[in-house]
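Just entry.csv here, CSV, C-alpha atoms:
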```
chain,number,residue,atom,x,y,z
U,1,MET,CA,25.0,16.9,16.1
U,2,ILE,CA,22.1,18.5,17.9
U,3,ASP,CA,23.8,21.9,17.7
U,4,GLU,CA,24.2,21.5,13.9
U,5,LEU,CA,20.6,20.5,13.6
U,6,GLU,CA,19.4,23.4,15.7
U,7,LYS,CA,21.1,25.7,13.2
U,8,SER,CA,20.1,24.0,9.9
U,9,GLN,CA,16.4,24.0,10.8
U,10,TRP,CA,16.4,27.7,10.1
U,11,TYR,CA,18.4,27.6,6.8
U,12,SER,CA,16.8,29.1,3.7
U,13,SER,CA,15.5,26.7,1.0
U,14,GLN,CA,18.7,27.4,-1.0
U,15,GLU,CA,20.9,26.7,1.9
U,16,LEU,CA,19.1,23.4,2.6
U,17,LYS,CA,19.5,22.3,-1.1
U,18,GLU,CA,23.2,23.1,-0.9
U,19,LEU,CA,23.5,21.1,2.3
U,20,GLN,CA,21.8,18.1,0.7
U,21,LYS,CA,23.9,18.4,-2.5
U,22,GLU,CA,27.2,18.2,-0.4
U,23,LYS,CA,26.0,15.3,1.7
U,24,LEU,CA,24.7,13.6,-1.5
U,25,LYS,CA,28.1,13.9,-3.2
U,26,ILE,CA,29.8,12.3,-0.3
U,27,ILE,CA,27.4,9.4,0.1
U,28,ILE,CA,27.4,8.7,-3.7
U,29,ARG,CA,31.2,8.7,-3.9
U,30,HIS,CA,31.3,6.4,-0.8
U,31,ALA,CA,28.7,4.0,-2.3
U,32,PHE,CA,30.6,3.7,-5.6
U,33,ASN,CA,34.0,3.2,-4.0
U,34,ASN,CA,33.0,0.9,-1.1
U,35,VAL,CA,29.6,-0.8,-1.7
U,36,PRO,CA,29.7,-3.8,-4.1
U,37,TYR,CA,26.1,-3.4,-5.3
U,38,TYR,CA,26.5,0.2,-6.3
U,39,ASN,CA,29.9,-0.3,-7.8
U,40,ARG,CA,28.5,-2.8,-10.2
U,41,LEU,CA,25.4,-0.8,-10.8
U,42,PHE,CA,27.3,2.4,-11.7
U,43,ARG,CA,29.5,0.4,-14.1
U,44,LYS,CA,26.5,-1.3,-15.7
U,45,LEU,CA,24.9,2.1,-16.2
U,46,ASN,CA,28.2,3.5,-17.5
U,47,ILE,CA,28.0,6.4,-15.0
U,48,SER,CA,30.4,7.7,-12.4
U,49,PRO,CA,29.9,9.6,-9.1
U,50,SER,CA,30.6,12.9,-10.9
U,51,ASP,CA,27.5,12.3,-13.1
U,52,ILE,CA,25.3,12.8,-10.0
U,53,LYS,CA,25.9,16.4,-9.0
U,54,ASP,CA,22.5,17.4,-7.6
U,55,ILE,CA,19.2,15.9,-6.5
U,56,GLU,CA,17.8,15.8,-10.0
U,57,ASP,CA,20.7,13.6,-11.2
U,58,LEU,CA,19.6,11.0,-8.7
U,59,LYS,CA,17.0,9.9,-11.3
U,60,LYS,CA,19.8,8.5,-13.3
U,61,LEU,CA,19.7,5.6,-10.8
U,62,PRO,CA,16.9,3.1,-10.7
U,63,LEU,CA,14.7,2.6,-7.7
U,64,ILE,CA,15.5,-0.3,-5.4
U,65,SER,CA,13.1,-2.3,-3.3
U,66,ARG,CA,13.1,-4.2,-0.1
U,67,ARG,CA,13.4,-7.4,-2.1
U,68,ASP,CA,16.6,-6.1,-3.8
U,69,VAL,CA,18.2,-5.6,-0.4
U,70,GLN,CA,16.7,-8.8,1.1
U,71,ALA,CA,18.2,-10.9,-1.6
U,72,ASN,CA,21.7,-10.1,-0.4
U,73,PRO,CA,22.1,-7.6,2.4
U,74,GLU,CA,25.9,-8.0,2.5
U,75,ASP,CA,26.0,-6.7,-1.0
U,76,PHE,CA,24.9,-3.3,0.3
U,77,LEU,CA,27.4,-3.4,3.2
U,78,ALA,CA,30.3,-1.0,2.8
U,79,VAL,CA,33.6,-2.9,2.7
U,80,ASN,CA,35.6,-0.1,4.4
U,81,VAL,CA,33.5,0.2,7.6
U,82,ASN,CA,34.8,-0.9,11.0
U,83,LYS,CA,32.7,-3.9,12.0
U,84,ASN,CA,33.1,-2.9,15.6
U,85,PHE,CA,31.1,0.2,14.9
U,86,ILE,CA,28.2,-1.5,13.1
U,87,ARG,CA,24.9,-2.5,14.6
U,88,THR,CA,22.5,-5.0,13.0
U,89,ALA,CA,18.8,-4.6,13.0
U,90,PHE,CA,15.9,-6.6,11.5
U,91,THR,CA,12.7,-5.2,10.2
U,92,SER,CA,9.5,-7.3,10.2
U,93,GLY,CA,8.3,-8.3,6.8
U,94,THR,CA,4.7,-7.8,5.8
U,95,MET,CA,4.7,-11.5,4.8
U,96,GLY,CA,6.8,-12.7,7.7
U,97,SER,CA,10.2,-12.2,6.0
U,98,PRO,CA,12.6,-10.0,8.0
U,99,LEU,CA,15.0,-7.6,6.4
U,100,LYS,CA,18.6,-7.4,7.7
U,101,ILE,CA,19.8,-3.8,8.1
U,102,TYR,CA,23.3,-2.5,9.0
U,103,ARG,CA,23.8,0.8,10.8
U,104,ASP,CA,26.9,2.6,11.8
U,105,VAL,CA,27.2,4.5,15.1
U,106,TYR,CA,27.1,7.9,13.3
U,107,SER,CA,23.7,7.2,11.8
U,108,ILE,CA,22.4,5.9,15.1
U,109,ASN,CA,23.6,9.1,16.8
U,110,PHE,CA,22.1,11.2,14.0
U,111,GLU,CA,18.8,9.5,14.4
U,112,ASN,CA,18.7,10.2,18.1
U,113,ALA,CA,19.7,13.9,17.5
U,114,ILE,CA,16.8,14.3,15.0
U,115,ILE,CA,14.3,12.9,17.5
U,116,ARG,CA,15.8,15.0,20.3
U,117,ARG,CA,15.3,18.1,18.1
U,118,GLN,CA,11.6,17.3,17.6
U,119,TYR,CA,11.2,16.8,21.3
U,120,ARG,CA,12.6,20.3,21.8
U,121,TRP,CA,10.1,21.6,19.2
U,122,ALA,CA,7.3,20.3,21.5
U,123,GLY,CA,8.8,22.0,24.5
U,124,PHE,CA,10.1,18.8,26.2
U,125,LYS,CA,13.3,19.6,28.0
U,126,ASP,CA,16.4,17.4,27.6
U,127,GLY,CA,16.5,14.8,30.4
U,128,GLY,CA,12.9,15.3,31.4
U,129,ARG,CA,10.9,12.4,32.9
U,130,LYS,CA,9.0,10.2,30.5
U,131,VAL,CA,7.1,6.9,30.3
U,132,ILE,CA,8.1,4.6,27.5
U,133,LEU,CA,5.2,2.3,26.5
U,134,ARG,CA,6.2,0.6,23.2
U,135,SER,CA,6.2,-2.7,21.5
U,136,THR,CA,9.6,-3.6,22.7
U,137,LEU,CA,9.5,-5.7,25.9
U,138,ALA,CA,10.2,-3.7,29.0
U,139,VAL,CA,10.0,-6.8,31.1
U,140,SER,CA,9.7,-10.5,30.1
U,141,SER,CA,6.4,-11.7,28.9
U,142,LYS,CA,6.8,-14.7,31.2
U,143,ILE,CA,6.3,-12.4,34.3
U,144,LYS,CA,2.9,-13.1,35.8
U,145,ARG,CA,2.9,-10.6,38.6
U,146,PRO,CA,4.0,-6.9,39.0
U,147,PRO,CA,6.1,-5.0,38.6
U,148,TYR,CA,5.4,-4.8,34.9
U,149,TRP,CA,7.9,-2.0,34.4
U,150,ARG,CA,11.5,-1.0,35.1
U,151,TYR,CA,13.4,2.2,35.4
U,152,ASP,CA,16.0,3.3,32.8
U,153,PHE,CA,18.1,5.9,34.6
U,154,PHE,CA,20.1,6.6,31.5
U,155,GLN,CA,17.0,7.8,29.7
U,156,ASN,CA,15.3,9.1,32.9
U,157,ALA,CA,12.4,6.9,31.9
U,158,LEU,CA,9.9,4.5,33.3
U,159,MET,CA,9.8,1.6,30.8
U,160,ALA,CA,6.3,0.1,31.0
U,161,SER,CA,5.3,-3.2,29.5
U,162,ALA,CA,2.7,-3.0,26.7
U,163,TYR,CA,2.4,-6.8,26.8
U,164,HIS,CA,0.9,-6.7,30.3
U,165,LEU,CA,-1.3,-3.7,29.7
U,166,SER,CA,-4.9,-4.7,30.3
U,167,GLU,CA,-8.1,-3.8,32.0
U,168,LYS,CA,-7.1,-6.1,34.9
U,169,ASN,CA,-3.7,-4.4,35.4
U,170,ILE,CA,-4.5,-0.8,34.5
U,171,GLY,CA,-4.9,0.2,38.2
U,172,LEU,CA,-1.3,-0.9,38.9
U,173,TYR,CA,0.0,1.2,35.9
U,174,LEU,CA,-1.9,4.2,37.2
U,175,LYS,CA,-0.5,4.0,40.6
U,176,GLU,CA,3.1,3.6,39.5
U,177,ILE,CA,3.0,6.3,36.8
U,178,SER,CA,1.2,8.8,39.0
U,179,GLY,CA,3.9,8.4,41.6
U,180,TYR,CA,6.6,8.9,39.0
U,181,ARG,CA,5.1,12.2,37.7
U,182,PRO,CA,6.4,12.1,34.2
U,183,ASP,CA,6.1,15.0,31.7
U,184,ALA,CA,5.8,12.9,28.6
U,185,LEU,CA,4.6,9.6,27.2
U,186,GLU,CA,6.5,7.9,24.4
U,187,THR,CA,4.5,5.3,22.7
U,188,VAL,CA,3.2,3.6,19.5
U,189,PRO,CA,-0.1,4.9,18.3
U,190,SER,CA,-2.0,1.6,18.6
U,191,ILE,CA,-0.6,1.0,22.1
U,192,GLY,CA,-1.2,4.6,23.1
U,193,TYR,CA,-4.8,4.4,21.9
U,194,VAL,CA,-5.5,1.3,23.9
U,195,PHE,CA,-3.9,2.9,27.0
U,196,ALA,CA,-6.0,6.0,26.5
U,197,LYS,CA,-9.2,3.9,26.3
U,198,LEU,CA,-8.3,2.0,29.5
U,199,LEU,CA,-7.7,5.3,31.2
U,200,LYS,CA,-11.0,6.7,30.0
U,201,GLN,CA,-12.8,3.7,31.6
U,202,LYS,CA,-11.1,4.7,34.9
U,203,ASN,CA,-11.8,8.4,34.3
U,204,ALA,CA,-8.1,9.0,35.0
U,205,ASN,CA,-5.6,11.6,33.7
U,206,LEU,CA,-1.9,11.1,34.3
U,207,GLY,CA,-0.9,14.7,33.6
U,208,PHE,CA,1.2,14.2,30.6
U,209,LYS,CA,2.2,17.4,28.9
U,210,TYR,CA,3.4,15.7,25.7
U,211,VAL,CA,2.7,12.5,23.9
U,212,PHE,CA,5.4,11.3,21.3
U,213,THR,CA,4.3,8.6,18.9
U,214,SER,CA,6.2,6.6,16.2
U,215,SER,CA,6.5,3.2,14.6
U,216,ASP,CA,3.0,2.7,13.2
U,217,ASN,CA,0.3,4.8,11.7
U,218,LEU,CA,-1.3,7.6,13.6
U,219,SER,CA,-4.8,8.0,12.2
U,220,ARG,CA,-6.6,11.3,12.8
U,221,TYR,CA,-9.1,9.6,15.0
U,222,LYS,CA,-6.5,8.0,17.2
U,223,LYS,CA,-4.6,11.3,17.4
U,224,ASP,CA,-7.7,13.2,18.5
U,225,PHE,CA,-8.8,10.5,21.0
U,226,ILE,CA,-5.3,10.3,22.6
U,227,GLN,CA,-5.0,14.1,22.8
U,228,SER,CA,-8.5,14.4,24.3
U,229,GLN,CA,-7.9,11.7,26.9
U,230,PHE,CA,-4.5,12.8,28.0
U,231,ASN,CA,-5.2,16.5,27.6
U,232,ALA,CA,-1.8,16.7,25.9
U,233,ARG,CA,-0.6,17.4,22.3
U,234,VAL,CA,0.6,14.5,20.2
U,235,PHE,CA,3.8,14.8,18.2
U,236,ASP,CA,4.3,12.0,15.7
U,237,HIS,CA,7.5,10.8,14.1
U,238,TYR,CA,7.9,8.8,11.0
U,239,GLY,CA,11.1,6.9,10.3
U,240,MET,CA,12.2,3.5,9.1
U,241,ALA,CA,14.8,0.9,10.0
U,242,GLU,CA,16.5,1.4,6.6
U,243,ARG,CA,17.3,5.0,7.6
U,244,VAL,CA,16.5,6.7,4.3
U,245,SER,CA,13.8,9.2,5.2
U,246,ALA,CA,12.4,10.8,8.4
U,247,ILE,CA,9.4,13.0,8.9
U,248,GLY,CA,8.0,14.6,12.0
U,249,MET,CA,5.4,17.0,13.5
U,250,CYS,CA,6.5,20.5,14.6
U,251,GLU,CA,5.0,22.6,17.3
U,252,LYS,CA,2.3,23.7,14.9
U,253,GLY,CA,1.2,20.1,14.4
U,254,ILE,CA,2.4,19.9,10.8
U,255,TYR,CA,4.5,17.0,9.4
U,256,HIS,CA,7.9,18.1,8.0
U,257,VAL,CA,10.3,16.1,5.8
U,258,TYR,CA,13.8,16.4,7.4
U,259,PRO,CA,16.2,17.5,4.6
U,260,GLU,CA,19.3,16.8,6.7
U,261,TYR,CA,18.3,13.2,7.1
U,262,GLY,CA,17.8,12.1,3.5
U,263,ILE,CA,16.5,13.1,0.1
U,264,THR,CA,12.9,12.2,-0.1
U,265,GLU,CA,11.0,11.7,-3.3
U,266,PHE,CA,7.3,11.1,-3.7
U,267,LEU,CA,6.2,8.6,-6.4
U,268,PRO,CA,2.5,8.9,-7.5
U,269,LEU,CA,0.5,5.7,-6.9
U,270,ASP,CA,-1.0,3.9,-9.9
U,271,ARG,CA,-4.8,3.6,-10.0
U,272,CYS,CA,-5.2,5.9,-7.0
U,273,LYS,CA,-7.1,9.1,-7.8
U,274,GLU,CA,-6.4,10.7,-4.4
U,275,ASN,CA,-3.4,12.7,-3.5
U,276,TYR,CA,-1.3,9.8,-2.3
U,277,PHE,CA,2.4,9.0,-3.0
U,278,GLU,CA,4.9,6.4,-2.1
U,279,ILE,CA,7.9,7.6,-0.1
U,280,ILE,CA,11.2,7.1,-1.9
U,281,GLY,CA,14.3,7.8,0.2
U,282,THR,CA,18.0,8.3,-0.2
U,283,GLY,CA,19.8,8.2,3.2
U,284,LEU,CA,22.5,10.7,3.7
U,285,ASN,CA,24.0,9.5,7.0
U,286,ASN,CA,24.3,5.7,7.2
U,287,PHE,CA,27.7,4.9,5.6
U,288,ALA,CA,27.5,1.3,6.7
U,289,MET,CA,24.7,0.5,4.4
U,290,PRO,CA,23.8,3.4,2.1
U,291,LEU,CA,20.5,3.0,0.2
U,292,LEU,CA,19.9,5.1,-2.8
U,293,ARG,CA,16.3,5.7,-4.1
U,294,TYR,CA,14.9,3.1,-1.8
U,295,ARG,CA,11.2,2.3,-2.1
U,296,SER,CA,9.8,2.4,1.4
U,297,GLY,CA,6.4,1.0,0.6
U,298,ASP,CA,4.9,3.7,2.8
U,299,VAL,CA,2.3,6.1,1.6
U,300,ALA,CA,2.2,9.9,2.2
U,301,ARG,CA,-0.6,12.4,1.6
U,302,LEU,CA,0.9,15.6,0.2
U,303,THR,CA,0.0,19.2,0.7
U,304,SER,CA,1.2,22.5,-0.6
U,305,GLY,CA,2.4,25.7,1.2
U,306,MET,CA,4.7,26.4,4.0
U,307,CYS,CA,4.2,26.0,7.8
U,308,GLU,CA,3.8,28.9,10.2
U,309,CYS,CA,6.7,27.5,12.2
U,310,GLY,CA,9.0,29.3,9.8
U,311,ARG,CA,11.1,26.2,8.8
U,312,ASN,CA,11.8,25.8,5.1
U,313,PHE,CA,11.1,22.0,5.2
U,314,GLN,CA,8.6,20.4,2.9
U,315,CYS,CA,5.2,19.8,4.5
U,316,ILE,CA,3.1,16.8,4.1
U,317,ASP,CA,-0.5,16.2,5.2
U,318,GLY,CA,0.1,12.7,6.8
U,319,ILE,CA,1.4,9.2,6.6
U,320,GLU,CA,-1.2,6.7,5.3
U,321,GLY,CA,0.2,3.2,5.7
U,322,ARG,CA,1.8,1.0,3.2
U,323,THR,CA,1.4,0.5,-0.6
U,324,SER,CA,0.9,-3.2,0.1
U,325,ASP,CA,-2.1,-2.4,2.3
U,326,GLN,CA,-4.2,-0.6,-0.3
U,327,PHE,CA,-7.6,-2.2,-0.7
U,328,PHE,CA,-9.4,-2.9,-4.0
U,329,VAL,CA,-13.1,-2.0,-4.0
U,330,THR,CA,-13.3,-3.4,-7.5
U,331,SER,CA,-10.5,-4.9,-9.7
U,332,ASP,CA,-9.6,-1.5,-11.0
U,333,ARG,CA,-10.4,0.9,-8.2
U,334,ARG,CA,-8.5,1.1,-4.9
U,335,PHE,CA,-8.3,3.3,-1.9
U,336,VAL,CA,-5.9,4.0,1.0
U,337,PRO,CA,-7.7,2.2,3.8
U,338,LEU,CA,-6.5,4.2,6.7
U,339,LEU,CA,-9.3,6.6,6.0
U,340,VAL,CA,-11.6,3.9,7.4
U,341,CYS,CA,-10.1,4.7,10.9
U,342,ILE,CA,-13.0,7.2,11.3
U,343,LEU,CA,-15.2,4.1,11.6
U,344,SER,CA,-13.8,3.6,15.1
U,345,ALA,CA,-15.6,6.8,16.2
U,346,ASN,CA,-18.7,6.5,18.3
U,347,ILE,CA,-18.6,2.7,18.3
U,348,HIS,CA,-19.2,1.8,21.9
U,349,GLY,CA,-17.0,-0.9,23.3
U,350,LEU,CA,-14.7,-1.2,20.3
U,351,ILE,CA,-11.2,-1.6,21.5
U,352,GLU,CA,-9.4,-2.4,18.3
U,353,SER,CA,-10.2,-3.4,14.7
U,354,GLN,CA,-8.2,-5.0,11.9
U,355,PHE,CA,-9.2,-5.0,8.2
U,356,ILE,CA,-8.1,-7.9,6.0
U,357,GLN,CA,-8.7,-8.3,2.2
U,358,GLU,CA,-8.0,-11.4,0.2
U,359,SER,CA,-10.2,-10.6,-2.8
U,360,ALA,CA,-11.5,-7.4,-4.4
U,361,GLY,CA,-14.8,-6.2,-2.9
U,362,GLU,CA,-14.6,-8.4,0.2
U,363,ILE,CA,-13.3,-7.4,3.6
U,364,LEU,CA,-12.8,-9.3,6.8
U,365,VAL,CA,-13.0,-7.1,9.9
U,366,LYS,CA,-11.6,-8.5,13.1
U,367,ILE,CA,-12.7,-6.7,16.2
U,368,ALA,CA,-11.7,-6.8,19.9
U,369,THR,CA,-14.5,-5.4,22.1
U,370,ASP,CA,-15.6,-5.1,25.7
U,371,ASN,CA,-19.0,-5.8,27.3
U,372,ARG,CA,-20.5,-2.5,26.0
U,373,PHE,CA,-20.4,-3.7,22.4
U,374,GLY,CA,-23.7,-4.9,21.1
U,375,SER,CA,-25.5,-6.0,17.9
U,376,SER,CA,-26.4,-2.4,17.1
U,377,ASP,CA,-22.7,-1.5,17.1
U,378,GLU,CA,-21.9,-4.3,14.7
U,379,ALA,CA,-24.7,-3.1,12.4
U,380,LYS,CA,-23.3,0.4,12.7
U,381,ILE,CA,-19.8,-0.9,11.6
U,382,ARG,CA,-21.3,-2.7,8.6
U,383,GLY,CA,-23.3,0.4,7.6
U,384,GLN,CA,-20.4,2.8,7.8
U,385,ILE,CA,-18.1,0.6,5.8
U,386,LYS,CA,-20.8,0.2,3.1
U,387,ASN,CA,-21.4,3.9,3.0
U,388,TYR,CA,-17.7,4.5,2.5
U,389,LEU,CA,-16.9,1.7,0.1
U,390,GLY,CA,-20.2,1.0,-1.6
U,391,GLN,CA,-23.3,-1.1,-0.8
U,392,ASP,CA,-22.0,-4.1,-2.8
U,393,THR,CA,-19.0,-4.6,-0.5
U,394,ARG,CA,-19.1,-8.0,1.2
U,395,ILE,CA,-18.2,-7.7,4.9
U,396,THR,CA,-17.4,-10.4,7.4
U,397,ILE,CA,-17.0,-9.4,11.1
U,398,GLU,CA,-15.1,-11.7,13.4
U,399,LYS,CA,-14.9,-11.1,17.1
U,400,VAL,CA,-11.6,-11.9,18.7
U,401,ALA,CA,-10.2,-11.6,22.3
U,402,PHE,CA,-7.0,-10.0,21.0
U,403,ILE,CA,-5.6,-8.9,17.6
U,404,PRO,CA,-2.1,-10.4,17.2
U,405,ARG,CA,0.9,-8.2,16.6
U,406,GLU,CA,3.7,-8.7,14.2
U,407,LYS,CA,6.9,-10.4,15.4
U,408,ASN,CA,8.4,-7.0,16.3
U,409,GLY,CA,5.3,-6.1,18.3
U,410,LYS,CA,3.8,-3.6,15.8
U,411,PHE,CA,0.1,-3.5,15.2
U,412,ARG,CA,-1.0,-3.7,11.6
U,413,GLN,CA,-4.5,-2.5,11.1
U,414,PHE,CA,-4.8,-3.1,7.4
U,415,ILE,CA,-3.6,-6.3,5.6
U,416,SER,CA,-4.1,-6.7,1.8
U,417,GLU,CA,-3.3,-10.1,0.3
U,418,LEU,CA,-3.9,-8.9,-3.2
```

Translate this structure into structure tokens?
Amino acid sequence: MIDELEKSQWYSSQELKELQKEKLKIIIRHAFNNVPYYNRLFRKLNISPSDIKDIEDLKKLPLISRRDVQANPEDFLAVNVNKNFIRTAFTSGTMGSPLKIYRDVYSINFENAIIRRQYRWAGFKDGGRKVILRSTLAVSSKIKRPPYWRYDFFQNALMASAYHLSEKNIGLYLKEISGYRPDALETVPSIGYVFAKLLKQKNANLGFKYVFTSSDNLSRYKKDFIQSQFNARVFDHYGMAERVSAIGMCEKGIYHVYPEYGITEFLPLDRCKENYFEIIGTGLNNFAMPLLRYRSGDVARLTSGMCECGRNFQCIDGIEGRTSDQFFVTSDRRFVPLLVCILSANIHGLIESQFIQESAGEILVKIATDNRFGSSDEAKIRGQIKNYLGQDTRITIEKVAFIPREKNGKFRQFISEL
């Protein structure tokens, strides 16, 4: 797979469209013949697989949402797949309701190949040493004394526990990682940011050449801070458990939509004047559970033009969180809140922040701080938020020792209950 992806990344725009068309025809025919939900849908719409010949024809199908799949996941499971070659995964719901996803071995291998290609773009050599510091538990949370890590010889990686990462334990992490001498750090942006802040307090640098992030939003502020502290470039990857779209940064630092992975559409957001779009994906490689025109709920900021890297992949300016996390300044004006990440800049002692909205014009800000944080810093937060959202915005600041993660360990910085 990796060899094929190394070739297709240099295809012309027309060659990429032809590749997508061929893969689309195969997945459409498969969905009609083997997936109960799509067999019924096609018949209800009085269309056949032959009616969907190219990407534009996809619009003959309606969009589907997380709730559609959640209602009956087995309805989207292909009846002809070998159950021995299927893996089950669960995504965390924004309201605590997980979504069951089926993946076949081919799609898992394809996912790994896509990520491996991006690592090569960065310059990271196959098999190079890396530290993996993610939301998944490297060691049990019940462990009360070191080691808070383990070695994965298959990945040639030091798997470090994000759960035990703290100001108290950072010296232990420094000693172990320094002795390992890794080339790369693989992490989640929110965890990598906390790690970088702890290292800054110790005035330490671990010598990473590359930092690979994924799984939650990488704000520009966090990216700049991580790059500055580690003195290494950050390469972000966007994907989802549903396996319908993937986007990643190239060696020029530009996000690219991967055309071999899926067909990605961008749906304009209502009542949002900025250049923001919801990501709609049609997966081309997961035959266990093909999802066509799936609403991801994730928001992208688009841009025009091509990248200097020379690949004919669509470029985007960034990933900006979820549609469900858009905040309403008034009942009819909303904004994509990840822009507020700039508020973290120059706030001394601010470790993490979380913004919660339950009614228009009101925001609860939860903050985790250290002993450097003072009343002037709290006033600065209030002032910056009001300058950005308007002086009438009602702000409540709540100090907490720790901001809880979701059940899968992800950090959610913006929560809208509207």

Residues of segment 106-217 of chain U at most 7 Å from segment 221-234 of chain U: nearest atom pair and distance in Å, only C-alpha atoms, as a tab-separated table:
```
residue	atom	partner	partner_atom	distance
U:Tyr193	CA	U:Ile226	CA	6.0
U:Ala196	CA	U:Ile226	CA	5.8
U:Lys200	CA	U:Gln229	CA	6.6
U:Asn205	CA	U:Phe230	CA	5.9
U:Gly207	CA	U:Phe230	CA	6.9
U:Phe208	CA	U:Ala232	CA	6.1
U:Lys209	CA	U:Ala232	CA	5.0
U:Tyr210	CA	U:Ala232	CA	5.3
U:Val211	CA	U:Val234	CA	4.7
U:Phe212	CA	U:Val234	CA	5.9
```

Write out as a list in words which residues come within 12 Å of Gln14 of chain U when counting all atoms listed in the file, dropping same-chain ones fewer than 6 positions away. Ser8, Gln20, Lys21, Pro259, Asn312 and Phe313 of chain U

At what distance in Å, to one decimal, does atom CA of Asn203 of chain U lie from atom CA of Ala401 of chain U?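 Separation of atom CA of Ala401 of chain U and atom CA of Asn203 of chain U: 23.4 Å.
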
Taking all atoms listed in the file into account, which of U:Gly128, U:Gly374, U:Pro268, U:Pro49 comes nearest His348 of chain U?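 Among the listed residues, U:Gly374 lies closest to His348 of chain U.
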
Pick out the residues sitting within 8 Å of segment 55-71 of chain U, and hand them over as a ChimeraX atom specification; count only C-alpha atoms, and ignore anything fewer than 3 positions along from it in its own chain. /U:20-21,24,51-52,75-76,99-100,263,292-296

Residues of segment 144-176 of chain U at most 8 Å from segment 129-136 of chain U: nearest atom pair and distance in Å, all atoms listed in the file, as CSV:
```
residue,atom,partner,partner_atom,distance
U:Asn156,CA,U:Arg129,CA,5.5
U:Ala157,CA,U:Lys130,CA,4.9
U:Leu158,CA,U:Val131,CA,4.8
U:Met159,CA,U:Ile132,CA,4.8
U:Ala160,CA,U:Leu133,CA,5.1
U:Ser161,CA,U:Leu133,CA,6.3
U:Ala162,CA,U:Leu133,CA,5.9
U:Tyr163,CA,U:Ser135,CA,7.7
```

Determine the nearest neighbour of Ser178 of chain U from the options U:Gln118, U:Tyr151, U:Leu206, U:Glu378, counting all atoms listed in the file.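 Smallest distance to Ser178 of chain U is found for U:Leu206.
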
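Remark: for Ser215 of chain U, the closest of the candidate residues U:Phe414, U:Phe85, U:Phe195, U:Tyr238 is U:Tyr238 (distances computed over all atoms listed in the file).
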
Selection: 12 Å around Asn112 of chain U, all atoms listed in the file, excl. self and same-chain fewer than 6 positions, as a PyMOL selection string: chain U and resi 1-2+5+105-106+118-119+155+237+239+243+246+261
